[in-house]
Amino acid sequence: MDDIKVSDRRMEIPGRVALGKGKGGLPKLDITTDWSTGQVYLHGAHVTGFQKYSEPPLLFLSEASRFEAGQPIRGGVPIIFPWFGPREGKPAHGFARTSAWELHETTATPDGGVSLRFHVGKDAAPDWPSHSLNYIVTFTDRLRLDLIMTNLSEKDLAFENCLHTYFHIGDIATINVRGLKGLEYLDKTDHYVRKRESDGEVRITAEVDRTFVNTRETIEIQDTKLKRTILVEKSGSASTVLWNPWIDKARAMPDFGDHEYKHMVCVESGNVADNRVTLKPDRSQILTAILSTLPF
Ligand code: BG6
């Protein structure tokens with residue numbers, strides 16, 4: 001999987017899409033638009049970077065991340081599918097984030113943006129019913145992610161999915177997260193007990209691992225240190241996950257720096273737990289997240 005295929009080379013667009021070897025020798029796409037730059041690894045169709053010219057990076061990527069076959073990248077946007085969280089005898093968060101995706105299309109749009117389409121099918125998961133995943137990543141002054149799951153089997157197919165976005169923040173002590181007030185969540189740090197969020201502005205001062213269900217709200221991360229608000233808009237998503245590992249869990253993770261918890265927060269858009277999706281044969285589900293920033 002370390003080799004760059006001739007068919008992938010044909011997808012390059014001068015000045016817009018360049019293919020090369022990234023960390024660990026894995027194939028990586030470098031994207032340039034009129035507003036931004038970005039990076040995507042074919043391993044997991046994993047977006048590892050997005051940065052507007054006038055701003056610090058939008059996405060957090062761990063200095064300690066592994067970049068190797070069979071292992072997920074820590075940071076950016078892992079694609080979680082077809083289950084969220086641990087599963088006995090199987091990889092946590094499913095197989096999509098460690099699959100070798102194929103690059104099917106690259107487009108440089110007349111307005112100065114770039115769009116990429118990746119695909120992975122049943123070959124990545126022979127034990128799983130027949131399905132197809134397409135992933136369209138569009139870079140402009142924002143980052144748009146569309147994950148399209150199609151059930152090619154003859155039976156209903158149930159799955160969870162999530163775009164596990166890691167955001168780069170100035171300091172965990174100076175951010176707050178808006179858009180969660182009044183929502184029900186499962187608290188993974190407290191035996192999955194169901195609770196209701198009481199804060200309009202959630203501040204993070206300890207490990208946080210909350211799965212909010214039945215919500216289609218846009219989330220705002222206000223970052224006073226970097227003087228910007230990150231907006232997480234979504235569709236085809238009824239769950240939002242808020243995660244920061246804090247001190248002890250950061251130390252316990254081999255692919256995450258001990259102090260990196262201060263500079264990241266995950267606000268993830270998907271369909272998990274109560275919001276698991278059941279798809280009829282020949283039907284598709286589209287999960288979309290649109291990530292942008294506003295200065296203040
Ligand atoms: C979050 C989960 O989405 O992902 C956390 O809610 C989990 O419980 C985190 O620890 C990271 O998972 P992983 O498998 O990438 O270490």
# chains A, B, ... in the order shown; residues from 1 in each chain; ligands from 1
>>> residues_near_ligand(ligand="ligand 1", cutoff="10 Å", atoms="only C-alpha atoms and all ligand atoms", output="MDAnalysis selection string")
chainID A and resid 71:75 78 80 84:86 91:94 97 162:166 186:189 208:211 240:245 249:250 253:256 266:269
>>> select_by_dssp(residues="stretch 41-248 of chain A", states="strand (DSSP E or B)", output="NGL selection string")
:A and (41 or 43 or 46-52 or 59 or 61 or 75 or 77 or 79-81 or 87 or 90 or 94 or 100 or 102-108 or 114-121 or 131-139 or 143-151 or 157-159 or 161-163 or 166-168 or 175-178 or 184-187 or 193-196 or 201-202 or 208-212 or 219-223 or 228-235 or 239-244)
>>> residues_around(residues="stretch 273-282 of chain A", least_positions_apart="2", cutoff="6 Å", atoms="only C-alpha atoms", output="ChimeraX atom specification")
/A:151-160,271
>>> closest_residue(among="A:Asp30, A:Thr150, A:Met11, A:Phe167", to="A:Arg117", atoms="only C-alpha atoms")
A:Met11
>>> select_by_dssp(residues="stretch 128-290 of chain A", states="helix (DSSP H, G or I)", output="number ranges by chain")
A: 172-174, 188-190, 246-252, 260-263, 273-275
>>> write_last_selection(atoms="C-alpha atoms", output="tab-separated table (two decimals), in the first residue's frame")
chain	number	residue	atom	x	y	z
A	172	ILE	CA	-8.36	23.93	26.28
A	173	ALA	CA	-8.67	26.38	29.21
A	174	THR	CA	-9.92	29.17	26.97
A	188	LYS	CA	-18.83	7.38	28.73
A	189	THR	CA	-16.74	8.58	31.69
A	190	ASP	CA	-19.62	7.52	34.00
A	246	TRP	CA	-7.47	14.99	29.50
A	247	ILE	CA	-4.31	14.13	31.47
A	248	ASP	CA	-4.45	10.43	32.44
A	249	LYS	CA	-5.93	9.13	29.21
A	250	ALA	CA	-3.50	11.26	27.18
A	251	ARG	CA	-0.60	9.61	29.05
A	252	ALA	CA	-2.09	6.17	28.45
A	260	GLU	CA	-1.49	17.49	23.47
A	261	TYR	CA	-4.91	17.35	25.18
A	262	LYS	CA	-4.48	21.09	25.78
A	263	HIS	CA	-4.55	21.84	22.07
A	273	ALA	CA	-25.99	4.63	19.77
A	274	ASP	CA	-29.77	5.47	19.66
A	275	ASN	CA	-29.23	7.02	16.23
>>> atom_distance(atom1="atom CA of A:Asp123", atom2="atom CA of A:Val17")
26.7 Å
>>> closest_residue(among="A:Ala69, A:Ile13, A:Leu143, A:Ile175", to="A:Leu291", atoms="only C-alpha atoms")
A:Leu143
>>> residues_around(residues="A:Tyr185", least_positions_apart="5", cutoff="7 Å", atoms="only C-alpha atoms", output="list in words")
Arg194, Lys195, Arg196, Arg210, Thr211, Phe212 and Val213 of chain A
>>> write_last_selection(atoms="N, CA, C and O atoms", output="PDB file, in the first residue's frame")
ATOM      1  N   ARG A 194     -27.181   8.148  31.255  1.00  0.00           N
ATOM      2  CA  ARG A 194     -27.830   9.202  30.450  1.00  0.00           C
ATOM      3  C   ARG A 194     -27.981  10.461  31.275  1.00  0.00           C
ATOM      4  O   ARG A 194     -28.471  10.422  32.400  1.00  0.00           O
ATOM      5  N   LYS A 195     -27.568  11.564  30.709  1.00  0.00           N
ATOM      6  CA  LYS A 195     -27.635  12.844  31.413  1.00  0.00           C
ATOM      7  C   LYS A 195     -28.169  13.893  30.445  1.00  0.00           C
ATOM      8  O   LYS A 195     -28.329  13.617  29.264  1.00  0.00           O
ATOM      9  N   ARG A 196     -28.407  15.090  30.980  1.00  0.00           N
ATOM     10  CA  ARG A 196     -28.842  16.174  30.102  1.00  0.00           C
ATOM     11  C   ARG A 196     -27.892  17.354  30.276  1.00  0.00           C
ATOM     12  O   ARG A 196     -27.533  17.696  31.406  1.00  0.00           O
ATOM     13  N   ARG A 210     -18.725  12.469  25.739  1.00  0.00           N
ATOM     14  CA  ARG A 210     -20.189  12.527  25.748  1.00  0.00           C
ATOM     15  C   ARG A 210     -20.739  12.269  24.356  1.00  0.00           C
ATOM     16  O   ARG A 210     -20.347  12.930  23.405  1.00  0.00           O
ATOM     17  N   THR A 211     -21.668  11.326  24.277  1.00  0.00           N
ATOM     18  CA  THR A 211     -22.368  11.075  23.013  1.00  0.00           C
ATOM     19  C   THR A 211     -23.742  11.712  23.119  1.00  0.00           C
ATOM     20  O   THR A 211     -24.623  11.223  23.835  1.00  0.00           O
ATOM     21  N   PHE A 212     -23.941  12.819  22.419  1.00  0.00           N
ATOM     22  CA  PHE A 212     -25.229  13.510  22.406  1.00  0.00           C
ATOM     23  C   PHE A 212     -26.096  12.870  21.338  1.00  0.00           C
ATOM     24  O   PHE A 212     -25.642  12.686  20.195  1.00  0.00           O
ATOM     25  N   VAL A 213     -27.333  12.530  21.704  1.00  0.00           N
ATOM     26  CA  VAL A 213     -28.224  11.872  20.741  1.00  0.00           C
ATOM     27  C   VAL A 213     -29.362  12.808  20.344  1.00  0.00           C
ATOM     28  O   VAL A 213     -29.682  13.769  21.059  1.00  0.00           O
TER      29      VAL A 213
END
>>> closest_residue(among="A:Gln51, A:Asn161, A:Ser115, A:Ser7", to="A:Phe81", atoms="only C-alpha atoms")
A:Asn161
>>> closest_residue(among="A:Leu19, A:Arg10, A:Gly112, A:Arg66", to="A:Thr33", atoms="only C-alpha atoms")
A:Gly112
